[in-house]
>>> print(open('start-v9.pdb').read())   # PDB, C-alpha atoms and all ligand atoms
ATOM      1  CA  MET A  16       0.879  -3.907  20.089
ATOM      2  CA  PRO A  17       0.600  -7.522  18.918
ATOM      3  CA  GLU A  18       3.978  -9.187  18.514
ATOM      4  CA  THR A  19       2.593 -11.980  16.334
ATOM      5  CA  ILE A  20      -0.270 -12.714  13.979
ATOM      6  CA  ASP A  21      -2.186 -15.977  13.822
ATOM      7  CA  TYR A  22      -4.512 -17.509  11.212
ATOM      8  CA  ASP A  23      -7.164 -14.837  11.822
ATOM      9  CA  GLY A  24      -4.546 -12.119  11.424
ATOM     10  CA  VAL A  25      -3.329 -13.544   8.135
ATOM     11  CA  VAL A  26      -6.914 -13.803   6.868
ATOM     12  CA  ARG A  27      -7.546 -10.204   7.938
ATOM     13  CA  MET A  28      -4.440  -9.107   6.006
ATOM     14  CA  LEU A  29      -5.491 -10.977   2.865
ATOM     15  CA  ARG A  30      -9.019  -9.580   3.015
ATOM     16  CA  GLY A  31      -7.581  -6.104   3.537
ATOM     17  CA  ALA A  32      -5.504  -6.475   0.387
ATOM     18  CA  ALA A  33      -8.506  -7.727  -1.590
ATOM     19  CA  GLU A  34     -10.642  -4.818  -0.413
ATOM     20  CA  LYS A  35      -7.976  -2.231  -1.272
ATOM     21  CA  VAL A  36      -7.202  -3.636  -4.726
ATOM     22  CA  THR A  37     -10.894  -4.056  -5.549
ATOM     23  CA  THR A  38     -11.716  -0.484  -4.505
ATOM     24  CA  HIS A  39      -9.007   0.912  -6.786
ATOM     25  CA  HIS A  40      -9.315  -1.492  -9.731
ATOM     26  CA  GLY A  41     -10.473   1.349 -12.013
ATOM     27  CA  ARG A  42      -7.161   3.177 -11.616
ATOM     28  CA  LEU A  43      -5.270  -0.045 -12.346
ATOM     29  CA  SER A  44      -7.102  -0.431 -15.638
ATOM     30  CA  GLU A  45      -6.499   3.237 -16.507
ATOM     31  CA  LEU A  46      -2.762   2.714 -16.039
ATOM     32  CA  ASP A  47      -2.864  -0.509 -18.051
ATOM     33  CA  ALA A  48      -4.812   1.251 -20.819
ATOM     34  CA  VAL A  49      -1.762   3.481 -21.327
ATOM     35  CA  LEU A  50       0.913   0.801 -20.914
ATOM     36  CA  GLY A  51      -0.748  -2.471 -21.880
ATOM     37  CA  ASP A  52      -4.135  -3.829 -22.874
ATOM     38  CA  GLY A  53      -6.228  -2.101 -20.223
ATOM     39  CA  ASP A  54      -7.445  -5.137 -18.354
ATOM     40  CA  HIS A  55      -5.224  -5.184 -15.269
ATOM     41  CA  GLY A  56      -7.897  -3.732 -12.985
ATOM     42  CA  ALA A  57     -10.491  -6.250 -14.137
ATOM     43  CA  ASP A  58      -7.927  -9.049 -13.835
ATOM     44  CA  MET A  59      -7.019  -8.048 -10.298
ATOM     45  CA  ARG A  60     -10.646  -7.596  -9.270
ATOM     46  CA  ARG A  61     -11.374 -11.124 -10.482
ATOM     47  CA  ALA A  62      -8.276 -12.483  -8.720
ATOM     48  CA  MET A  63      -9.291 -10.784  -5.467
ATOM     49  CA  ALA A  64     -12.799 -12.227  -5.720
ATOM     50  CA  MET A  65     -11.244 -15.681  -6.124
ATOM     51  CA  LEU A  66      -8.993 -14.949  -3.142
ATOM     52  CA  ALA A  67     -11.995 -14.029  -0.974
ATOM     53  CA  LYS A  68     -13.818 -17.179  -2.077
ATOM     54  CA  ALA A  69     -10.790 -19.335  -1.240
ATOM     55  CA  ILE A  70     -10.618 -17.798   2.237
ATOM     56  CA  ALA A  71     -14.335 -18.362   2.819
ATOM     57  CA  GLU A  72     -13.989 -22.012   1.810
ATOM     58  CA  ASN A  73     -10.843 -22.669   3.859
ATOM     59  CA  ARG A  74     -11.783 -24.102   7.221
ATOM     60  CA  SER A  75      -8.324 -25.316   8.232
ATOM     61  CA  ARG A  76      -7.339 -22.514  10.605
ATOM     62  CA  ASP A  77      -3.847 -23.223   9.265
ATOM     63  CA  ILE A  78      -1.795 -20.315   7.903
ATOM     64  CA  ALA A  79       0.021 -22.311   5.211
ATOM     65  CA  SER A  80      -3.226 -23.960   4.084
ATOM     66  CA  VAL A  81      -5.137 -20.716   3.570
ATOM     67  CA  LEU A  82      -2.179 -19.069   1.819
ATOM     68  CA  SER A  83      -1.822 -22.062  -0.472
ATOM     69  CA  ASP A  84      -5.542 -22.064  -1.328
ATOM     70  CA  VAL A  85      -5.375 -18.338  -2.004
ATOM     71  CA  GLY A  86      -2.286 -18.811  -4.173
ATOM     72  CA  TRP A  87      -3.955 -21.473  -6.325
ATOM     73  CA  ALA A  88      -7.120 -19.367  -6.585
ATOM     74  CA  VAL A  89      -5.206 -16.297  -7.758
ATOM     75  CA  ILE A  90      -3.128 -18.319 -10.233
ATOM     76  CA  GLY A  91      -6.369 -19.886 -11.483
ATOM     77  CA  ALA A  92      -7.877 -16.436 -12.040
ATOM     78  CA  GLY A  93      -5.320 -15.868 -14.805
ATOM     79  CA  GLY A  94      -4.812 -12.237 -15.738
ATOM     80  CA  GLY A  95      -1.972 -11.301 -18.052
ATOM     81  CA  ALA A  96       1.593 -11.531 -16.837
ATOM     82  CA  ALA A  97       1.101 -10.029 -13.383
ATOM     83  CA  GLY A  98      -1.837 -12.087 -12.085
ATOM     84  CA  PRO A  99      -0.043 -15.418 -11.790
ATOM     85  CA  LEU A 100       2.911 -13.671 -10.124
ATOM     86  CA  PHE A 101       0.624 -12.578  -7.279
ATOM     87  CA  GLY A 102      -0.503 -16.192  -6.967
ATOM     88  CA  THR A 103       3.119 -17.307  -6.918
ATOM     89  CA  PHE A 104       3.779 -14.773  -4.147
ATOM     90  CA  PHE A 105       1.035 -16.272  -1.951
ATOM     91  CA  MET A 106       2.213 -19.822  -2.758
ATOM     92  CA  GLY A 107       5.725 -18.822  -1.715
ATOM     93  CA  MET A 108       4.345 -17.382   1.522
ATOM     94  CA  ALA A 109       2.528 -20.671   2.165
ATOM     95  CA  GLU A 110       5.664 -22.708   1.596
ATOM     96  CA  ALA A 111       7.681 -20.606   4.034
ATOM     97  CA  ALA A 112       4.923 -20.422   6.673
ATOM     98  CA  SER A 113       4.985 -24.233   6.761
ATOM     99  CA  THR A 114       3.575 -25.510  10.074
ATOM    100  CA  ARG A 115       3.732 -22.199  11.961
ATOM    101  CA  ALA A 116       0.600 -21.277  13.916
ATOM    102  CA  THR A 117       1.773 -17.702  14.445
ATOM    103  CA  LEU A 118       4.175 -15.317  12.733
ATOM    104  CA  ASP A 119       6.175 -12.594  14.449
ATOM    105  CA  ALA A 120       7.817  -9.800  12.434
ATOM    106  CA  PRO A 121      11.086 -11.680  11.746
ATOM    107  CA  ALA A 122       9.134 -14.785  10.704
ATOM    108  CA  LEU A 123       6.881 -12.750   8.420
ATOM    109  CA  ALA A 124       9.989 -11.094   6.948
ATOM    110  CA  ALA A 125      11.344 -14.555   6.150
ATOM    111  CA  VAL A 126       7.982 -15.558   4.641
ATOM    112  CA  PHE A 127       7.918 -12.451   2.431
ATOM    113  CA  SER A 128      11.550 -12.982   1.382
ATOM    114  CA  HIS A 129      10.845 -16.571   0.374
ATOM    115  CA  ALA A 130       7.750 -15.447  -1.561
ATOM    116  CA  LEU A 131       9.734 -12.742  -3.369
ATOM    117  CA  ALA A 132      12.368 -15.310  -4.342
ATOM    118  CA  ALA A 133       9.605 -17.524  -5.772
ATOM    119  CA  VAL A 134       8.294 -14.602  -7.857
ATOM    120  CA  ARG A 135      11.777 -13.783  -9.106
ATOM    121  CA  ARG A 136      12.208 -17.353 -10.343
ATOM    122  CA  GLN A 137       9.053 -16.879 -12.464
ATOM    123  CA  THR A 138      10.093 -13.696 -14.255
ATOM    124  CA  LYS A 139      13.162 -12.463 -16.069
ATOM    125  CA  ALA A 140      12.307  -8.873 -15.109
ATOM    126  CA  GLU A 141      14.772  -7.044 -12.898
ATOM    127  CA  PRO A 142      14.240  -4.023 -10.657
ATOM    128  CA  GLY A 143      14.269  -0.922 -12.875
ATOM    129  CA  ASP A 144      12.404  -2.642 -15.714
ATOM    130  CA  LYS A 145       9.125  -0.941 -14.665
ATOM    131  CA  THR A 146       7.294  -4.002 -13.363
ATOM    132  CA  LEU A 147       5.707  -5.095 -10.099
ATOM    133  CA  LEU A 148       9.197  -5.951  -8.848
ATOM    134  CA  ASP A 149       9.865  -2.229  -8.479
ATOM    135  CA  ALA A 150       7.299  -2.152  -5.673
ATOM    136  CA  LEU A 151       7.694  -5.696  -4.353
ATOM    137  CA  VAL A 152      11.472  -5.666  -3.883
ATOM    138  CA  PRO A 153      11.484  -2.474  -1.752
ATOM    139  CA  ALA A 154       8.388  -3.579   0.181
ATOM    140  CA  VAL A 155       9.963  -6.866   1.224
ATOM    141  CA  GLY A 156      13.326  -5.216   1.873
ATOM    142  CA  ARG A 157      11.750  -2.575   4.074
ATOM    143  CA  TYR A 158       9.703  -5.166   5.952
ATOM    144  CA  ARG A 159      12.863  -7.093   6.722
ATOM    145  CA  ALA A 160      14.753  -3.953   7.791
ATOM    146  CA  ALA A 161      11.915  -2.907  10.093
ATOM    147  CA  ALA A 162      11.679  -6.397  11.601
ATOM    148  CA  ASP A 163      15.444  -6.456  12.111
ATOM    149  CA  ALA A 164      15.167  -3.079  13.858
ATOM    150  CA  GLY A 165      12.667  -4.572  16.316
ATOM    151  CA  HIS A 166       9.393  -3.259  14.868
ATOM    152  CA  ASP A 167       6.326  -5.396  15.473
ATOM    153  CA  VAL A 168       4.275  -7.072  12.734
ATOM    154  CA  SER A 169       2.010  -4.122  12.025
ATOM    155  CA  SER A 170       4.481  -1.256  12.275
ATOM    156  CA  ALA A 171       6.847  -3.158   9.960
ATOM    157  CA  MET A 172       3.870  -3.503   7.593
ATOM    158  CA  GLU A 173       3.296   0.260   7.622
ATOM    159  CA  ALA A 174       6.926   0.713   6.594
ATOM    160  CA  ALA A 175       6.578  -1.948   3.884
ATOM    161  CA  ALA A 176       3.410  -0.312   2.540
ATOM    162  CA  ASP A 177       5.181   3.070   2.363
ATOM    163  CA  ALA A 178       8.058   1.436   0.474
ATOM    164  CA  ALA A 179       5.690  -0.378  -1.910
ATOM    165  CA  GLU A 180       3.803   2.836  -2.717
ATOM    166  CA  LYS A 181       7.015   4.818  -3.187
ATOM    167  CA  GLY A 182       8.398   2.036  -5.360
ATOM    168  CA  ALA A 183       5.247   2.050  -7.472
ATOM    169  CA  GLU A 184       5.379   5.853  -7.854
ATOM    170  CA  ALA A 185       9.021   5.619  -8.910
ATOM    171  CA  THR A 186       8.045   3.461 -11.897
ATOM    172  CA  CYS A 187       6.395   6.584 -13.372
ATOM    173  CA  ALA A 188       9.816   7.926 -14.416
ATOM    174  CA  MET A 189      11.030   4.585 -15.760
ATOM    175  CA  GLN A 190      11.018   3.385 -19.349
ATOM    176  CA  ALA A 191       9.534  -0.100 -19.565
ATOM    177  CA  ARG A 192      11.957  -2.814 -20.550
ATOM    178  CA  PHE A 193       9.596  -5.701 -20.017
ATOM    179  CA  GLY A 194       6.196  -6.971 -21.144
ATOM    180  CA  LEU A 195       3.667  -5.190 -23.356
ATOM    181  CA  ALA A 196       4.703  -1.809 -21.957
ATOM    182  CA  ALA A 197       8.199  -2.219 -23.429
ATOM    183  CA  ASP A 198       6.628  -1.900 -26.904
ATOM    184  CA  ARG A 199       5.638   1.665 -25.961
ATOM    185  CA  GLY A 200       9.319   2.621 -25.710
ATOM    186  CA  GLU A 201       9.822   6.182 -24.465
ATOM    187  CA  ALA A 202       6.052   6.661 -24.382
ATOM    188  CA  SER A 203       5.987   4.340 -21.379
ATOM    189  CA  VAL A 204       7.657   7.071 -19.302
ATOM    190  CA  GLY A 205       5.186   9.170 -17.299
ATOM    191  CA  THR A 206       2.766   6.443 -16.256
ATOM    192  CA  VAL A 207       2.959   4.246 -13.141
ATOM    193  CA  ASP A 208       3.264   0.523 -13.846
ATOM    194  CA  PRO A 209      -0.101  -1.080 -13.021
ATOM    195  CA  GLY A 210       1.448  -4.222 -11.520
ATOM    196  CA  ALA A 211       3.598  -2.118  -9.224
ATOM    197  CA  ALA A 212       0.529  -0.069  -8.307
ATOM    198  CA  SER A 213      -1.242  -3.333  -7.392
ATOM    199  CA  VAL A 214       1.625  -4.296  -5.093
ATOM    200  CA  GLY A 215       1.347  -0.882  -3.418
ATOM    201  CA  LEU A 216      -2.379  -1.435  -2.891
ATOM    202  CA  MET A 217      -1.809  -4.963  -1.609
ATOM    203  CA  PHE A 218       0.700  -3.893   1.039
ATOM    204  CA  ARG A 219      -1.384  -0.850   2.000
ATOM    205  CA  GLY A 220      -4.322  -3.234   2.407
ATOM    206  CA  PHE A 221      -2.205  -5.529   4.607
ATOM    207  CA  ALA A 222      -1.107  -2.557   6.748
ATOM    208  CA  ASP A 223      -4.554  -0.980   7.085
ATOM    209  CA  ALA A 224      -6.084  -4.335   8.076
ATOM    210  CA  LEU A 225      -3.507  -4.871  10.810
ATOM    211  CA  ALA A 226      -3.860  -1.280  12.045
ATOM    212  CA  ALA A 227      -7.648  -1.645  12.159
ATOM    213  CA  ALA A 228      -7.329  -4.883  14.136
ATOM    214  CA  GLU A 229      -5.179  -3.071  16.708
ATOM    215  CA  SER A 230      -7.695  -0.316  17.251
ATOM    216  CA  GLU A 231     -10.583  -2.764  17.794
TER     217      GLU A 231
HETATM  218 MG    MG B   1      -3.223  -6.376 -19.206
END
>>> encode(input="start-v9.pdb", output="structure tokens")
Amino acid sequence: MPETIDYDGVVRMLRGAAEKVTTHHGRLSELDAVLGDGDHGADMRRAMAMLAKAIAENRSRDIASVLSDVGWAVIGAGGGAAGPLFGTFFMGMAEAASTRATLDAPALAAVFSHALAAVRRQTKAEPGDKTLLDALVPAVGRYRAAADAGHDVSSAMEAAADAAEKGAEATCAMQARFGLAADRGEASVGTVDPGAASVGLMFRGFADALAAAESE
């Protein structure tokens, strides 16, 4: 089991997220059609295409550099309220990765925590408001707990992906208190928040990419 990931590992993770989100973009738009303006899947597909392009054009072999390029690309892709928050997440990861050439599980936990803090500075939403935070907060928390318990990079990511998906599912029972979905009032109950669903896909993509790299 690899104890650390390097530039190639980070790129693999990012590509895994892009592949997962892109594959399921139709469901994201279906959810957004109920709760918002129906474009979240298209927004995320465009953002993930920009992410892939930024990776392809990044020749630095530096973790912070590729994360920063990806962050700018995703922010530049626009996409409602959620899109730029994903970009902010990657920018926050870049900032925390700094000059590191490799990341072990505790270091990646710190990187995720820093990125989550950056996202939370950009939104007034709180957990329970039926937003992407309802998946992101548990995902990062579970990653940190798994790293603290001695799990390696990829098994901590499995745990984080489980937490992100469970967090996304839990938004189904919530009434939206934020964004366009809040206008739906009680009618927002019964549908998963599309931003939270995207976070679930992103972390599942991270985890699957790391698991696939291990079995190579
Ligand atoms: Mg939308």
>>> residues_near_ligand(input="start-v9.pdb", ligand="ligand MG 1 (chain B)", cutoff="8 Å", atoms="only C-alpha atoms and all ligand atoms", output="PyMOL selection string")
chain A and resi 44+47-48+51-55+58+94-96
>>> closest_residue(input="start-v9.pdb", among="A:Ala32, A:Ile20, A:Leu82, A:Leu50", to="Pro121 in chain A", atoms="all atoms listed in the file")
A:Ile20
>>> residues_near_point(input="start-v9.pdb", point="(12.1, -1.8, -0.6)", cutoff="9 Å", atoms="all atoms listed in the file", output="ChimeraX atom specification")
/A:149-158,175,177-179,181-182
>>> residues_around(input="start-v9.pdb", residues="Gly31 in chain A", least_positions_apart="2", cutoff="12 Å", atoms="only C-alpha atoms", output="MDAnalysis selection string")
chainID A and resid 24:29 33:38 63 66:67 216:228
>>> write_last_selection(input="start-v9.pdb", atoms="C-alpha atoms", output="PDB file, keeping the file's coordinate frame")
ATOM      1  CA  GLY A  24      -4.546 -12.119  11.424  1.00  0.00           C
ATOM      2  CA  VAL A  25      -3.329 -13.544   8.135  1.00  0.00           C
ATOM      3  CA  VAL A  26      -6.914 -13.803   6.868  1.00  0.00           C
ATOM      4  CA  ARG A  27      -7.546 -10.204   7.938  1.00  0.00           C
ATOM      5  CA  MET A  28      -4.440  -9.107   6.006  1.00  0.00           C
ATOM      6  CA  LEU A  29      -5.491 -10.977   2.865  1.00  0.00           C
ATOM      7  CA  ALA A  33      -8.506  -7.727  -1.590  1.00  0.00           C
ATOM      8  CA  GLU A  34     -10.642  -4.818  -0.413  1.00  0.00           C
ATOM      9  CA  LYS A  35      -7.976  -2.231  -1.272  1.00  0.00           C
ATOM     10  CA  VAL A  36      -7.202  -3.636  -4.726  1.00  0.00           C
ATOM     11  CA  THR A  37     -10.894  -4.056  -5.549  1.00  0.00           C
ATOM     12  CA  THR A  38     -11.716  -0.484  -4.505  1.00  0.00           C
ATOM     13  CA  MET A  63      -9.291 -10.784  -5.467  1.00  0.00           C
ATOM     14  CA  LEU A  66      -8.993 -14.949  -3.142  1.00  0.00           C
ATOM     15  CA  ALA A  67     -11.995 -14.029  -0.974  1.00  0.00           C
ATOM     16  CA  LEU A 216      -2.379  -1.435  -2.891  1.00  0.00           C
ATOM     17  CA  MET A 217      -1.809  -4.963  -1.609  1.00  0.00           C
ATOM     18  CA  PHE A 218       0.700  -3.893   1.039  1.00  0.00           C
ATOM     19  CA  ARG A 219      -1.384  -0.850   2.000  1.00  0.00           C
ATOM     20  CA  GLY A 220      -4.322  -3.234   2.407  1.00  0.00           C
ATOM     21  CA  PHE A 221      -2.205  -5.529   4.607  1.00  0.00           C
ATOM     22  CA  ALA A 222      -1.107  -2.557   6.748  1.00  0.00           C
ATOM     23  CA  ASP A 223      -4.554  -0.980   7.085  1.00  0.00           C
ATOM     24  CA  ALA A 224      -6.084  -4.335   8.076  1.00  0.00           C
ATOM     25  CA  LEU A 225      -3.507  -4.871  10.810  1.00  0.00           C
ATOM     26  CA  ALA A 226      -3.860  -1.280  12.045  1.00  0.00           C
ATOM     27  CA  ALA A 227      -7.648  -1.645  12.159  1.00  0.00           C
ATOM     28  CA  ALA A 228      -7.329  -4.883  14.136  1.00  0.00           C
TER      29      ALA A 228
END
>>> residues_around(input="start-v9.pdb", residues="Gly86 in chain A", least_positions_apart="3", cutoff="10 Å", atoms="only C-alpha atoms", output="list in words")
Ala62, Met65, Leu66, Ala69, Ser80, Val81, Leu82, Ser83, Val89, Ile90, Gly91, Ala92, Pro99, Leu100, Phe101, Gly102, Thr103, Phe104, Phe105, Met106, Gly107, Met108 and Ala109 of chain A
>>> resolve_selection(input="start-v9.pdb", expression="the PyMOL selection byres (((chain A and resi 187) around 10) and not hetatm)", output="ChimeraX atom specification")
/A:145,182-186,188-191,203-208
>>> atom_distance(input="start-v9.pdb", atom1="CA of Ala160 in chain A", atom2="CA of Thr114 in chain A")
24.4 Å
>>> atom_distance(input="start-v9.pdb", atom1="CA of Arg199 in chain A", atom2="CA of Gln137 in chain A")
23.2 Å
>>> closest_residue(input="start-v9.pdb", among="A:Ala79, A:Ala120, A:Ala202, A:Ala171", to="Val49 in chain A", atoms="all atoms listed in the file")
A:Ala202
>>> atom_distance(input="start-v9.pdb", atom1="CA of Glu201 in chain A", atom2="CA of Leu43 in chain A")
20.3 Å
>>> residues_near_point(input="start-v9.pdb", point="(5.8, -7.3, -14.9)", cutoff="7 Å", atoms="all atoms listed in the file", output="list in words")
Ala96, Ala97, Ala140, Thr146, Leu147, Phe193, Gly194 and Gly210 of chain A
>>> closest_residue(input="start-v9.pdb", among="A:Ala162, A:Ala57, A:Leu195, A:Ile70", to="Leu118 in chain A", atoms="only C-alpha atoms")
A:Ala162
>>> axis_aligned_box(input="start-v9.pdb", around="range 32-40 of chain A", padding_each_side="6 Å", output="JSON")
{"center_x": -8.6, "center_y": -3.4, "center_z": -4.7, "size_x": 18.2, "size_y": 20.6, "size_z": 22.1}
>>> resolve_selection(input="start-v9.pdb", expression="the PyMOL selection byres (((chain A and resi 129) around 9) and not hetatm)", output="list in words")
Phe104, Gly107, Met108, Glu110, Ala111, Ala124, Ala125, Val126, Phe127, Ser128, Ala130, Leu131, Ala132, Ala133 and Val134 of chain A
>>> write_last_selection(input="start-v9.pdb", atoms="C-alpha atoms", output="PDB file, in the coordinates of the input")
ATOM      1  CA  PHE A 104       3.779 -14.773  -4.147  1.00  0.00           C
ATOM      2  CA  GLY A 107       5.725 -18.822  -1.715  1.00  0.00           C
ATOM      3  CA  MET A 108       4.345 -17.382   1.522  1.00  0.00           C
ATOM      4  CA  GLU A 110       5.664 -22.708   1.596  1.00  0.00           C
ATOM      5  CA  ALA A 111       7.681 -20.606   4.034  1.00  0.00           C
ATOM      6  CA  ALA A 124       9.989 -11.094   6.948  1.00  0.00           C
ATOM      7  CA  ALA A 125      11.344 -14.555   6.150  1.00  0.00           C
ATOM      8  CA  VAL A 126       7.982 -15.558   4.641  1.00  0.00           C
ATOM      9  CA  PHE A 127       7.918 -12.451   2.431  1.00  0.00           C
ATOM     10  CA  SER A 128      11.550 -12.982   1.382  1.00  0.00           C
ATOM     11  CA  ALA A 130       7.750 -15.447  -1.561  1.00  0.00           C
ATOM     12  CA  LEU A 131       9.734 -12.742  -3.369  1.00  0.00           C
ATOM     13  CA  ALA A 132      12.368 -15.310  -4.342  1.00  0.00           C
ATOM     14  CA  ALA A 133       9.605 -17.524  -5.772  1.00  0.00           C
ATOM     15  CA  VAL A 134       8.294 -14.602  -7.857  1.00  0.00           C
TER      16      VAL A 134
END
>>> closest_residue(input="start-v9.pdb", among="A:Lys139, A:His166, A:Arg42, A:Arg61", to="Gly93 in chain A", atoms="only C-alpha atoms")
A:Arg61
>>> residues_around(input="start-v9.pdb", residues="Lys68 in chain A", least_positions_apart="5", cutoff="9 Å", atoms="all atoms listed in the file", output="list in words")
Met63, Asn73, Val85 and Ala88 of chain A
>>> decode(input="start-v9.pdb", residues="range 157-165 of chain A", atoms="all heavy atoms", output="CSV table (one decimal), in the first residue's frame")
chain,number,residue,atom,x,y,z
A,157,ARG,N,-13.9,12.9,7.7
A,157,ARG,CA,-13.6,11.4,7.7
A,157,ARG,C,-12.2,11.2,7.2
A,157,ARG,O,-11.6,10.3,7.7
A,157,ARG,CB,-14.7,10.7,6.9
A,157,ARG,CG,-14.6,9.2,7.0
A,157,ARG,CD,-15.1,8.6,8.3
A,157,ARG,NE,-16.5,8.8,8.4
A,157,ARG,CZ,-17.5,8.1,7.8
A,157,ARG,NH1,-17.1,7.0,7.1
A,157,ARG,NH2,-18.7,8.4,7.9
A,158,TYR,N,-11.8,11.9,6.2
A,158,TYR,CA,-10.4,11.7,5.8
A,158,TYR,C,-9.4,12.0,6.9
A,158,TYR,O,-8.5,11.2,7.1
A,158,TYR,CB,-10.0,12.7,4.6
A,158,TYR,CG,-8.8,12.2,3.9
A,158,TYR,CD1,-8.8,11.3,2.8
A,158,TYR,CD2,-7.5,12.5,4.4
A,158,TYR,CE1,-7.7,10.8,2.2
A,158,TYR,CE2,-6.4,12.0,3.9
A,158,TYR,CZ,-6.5,11.1,2.8
A,158,TYR,OH,-5.3,10.6,2.2
A,159,ARG,N,-9.7,13.1,7.6
A,159,ARG,CA,-8.8,13.4,8.7
A,159,ARG,C,-8.8,12.3,9.8
A,159,ARG,O,-7.7,11.9,10.3
A,159,ARG,CB,-9.1,14.7,9.4
A,159,ARG,CG,-8.3,15.1,10.6
A,159,ARG,CD,-8.5,16.5,11.0
A,159,ARG,NE,-7.9,17.5,10.2
A,159,ARG,CZ,-6.6,17.8,10.2
A,159,ARG,NH1,-5.7,17.2,11.0
A,159,ARG,NH2,-6.1,18.7,9.4
A,160,ALA,N,-10.0,11.8,10.2
A,160,ALA,CA,-10.1,10.8,11.2
A,160,ALA,C,-9.4,9.5,10.8
A,160,ALA,O,-8.7,8.9,11.6
A,160,ALA,CB,-11.6,10.5,11.5
A,161,ALA,N,-9.5,9.2,9.5
A,161,ALA,CA,-8.9,7.9,9.0
A,161,ALA,C,-7.4,8.1,9.0
A,161,ALA,O,-6.6,7.2,9.3
A,161,ALA,CB,-9.4,7.6,7.6
A,162,ALA,N,-6.9,9.3,8.6
A,162,ALA,CA,-5.5,9.5,8.6
A,162,ALA,C,-4.9,9.5,10.0
A,162,ALA,O,-3.9,8.9,10.3
A,162,ALA,CB,-5.2,10.9,8.0
A,163,ASP,N,-5.7,10.1,10.9
A,163,ASP,CA,-5.3,10.1,12.4
A,163,ASP,C,-5.2,8.7,12.9
A,163,ASP,O,-4.4,8.3,13.8
A,163,ASP,CB,-6.2,10.9,13.2
A,163,ASP,CG,-6.1,12.4,13.0
A,163,ASP,OD1,-5.1,12.8,12.4
A,163,ASP,OD2,-7.0,13.2,13.5
A,164,ALA,N,-6.1,7.8,12.4
A,164,ALA,CA,-6.1,6.4,12.8
A,164,ALA,C,-5.1,5.5,12.2
A,164,ALA,O,-5.0,4.3,12.4
A,164,ALA,CB,-7.5,5.8,12.6
A,165,GLY,N,-4.3,6.2,11.3
A,165,GLY,CA,-3.2,5.4,10.7
A,165,GLY,C,-3.4,4.8,9.3
A,165,GLY,O,-2.6,4.1,8.8
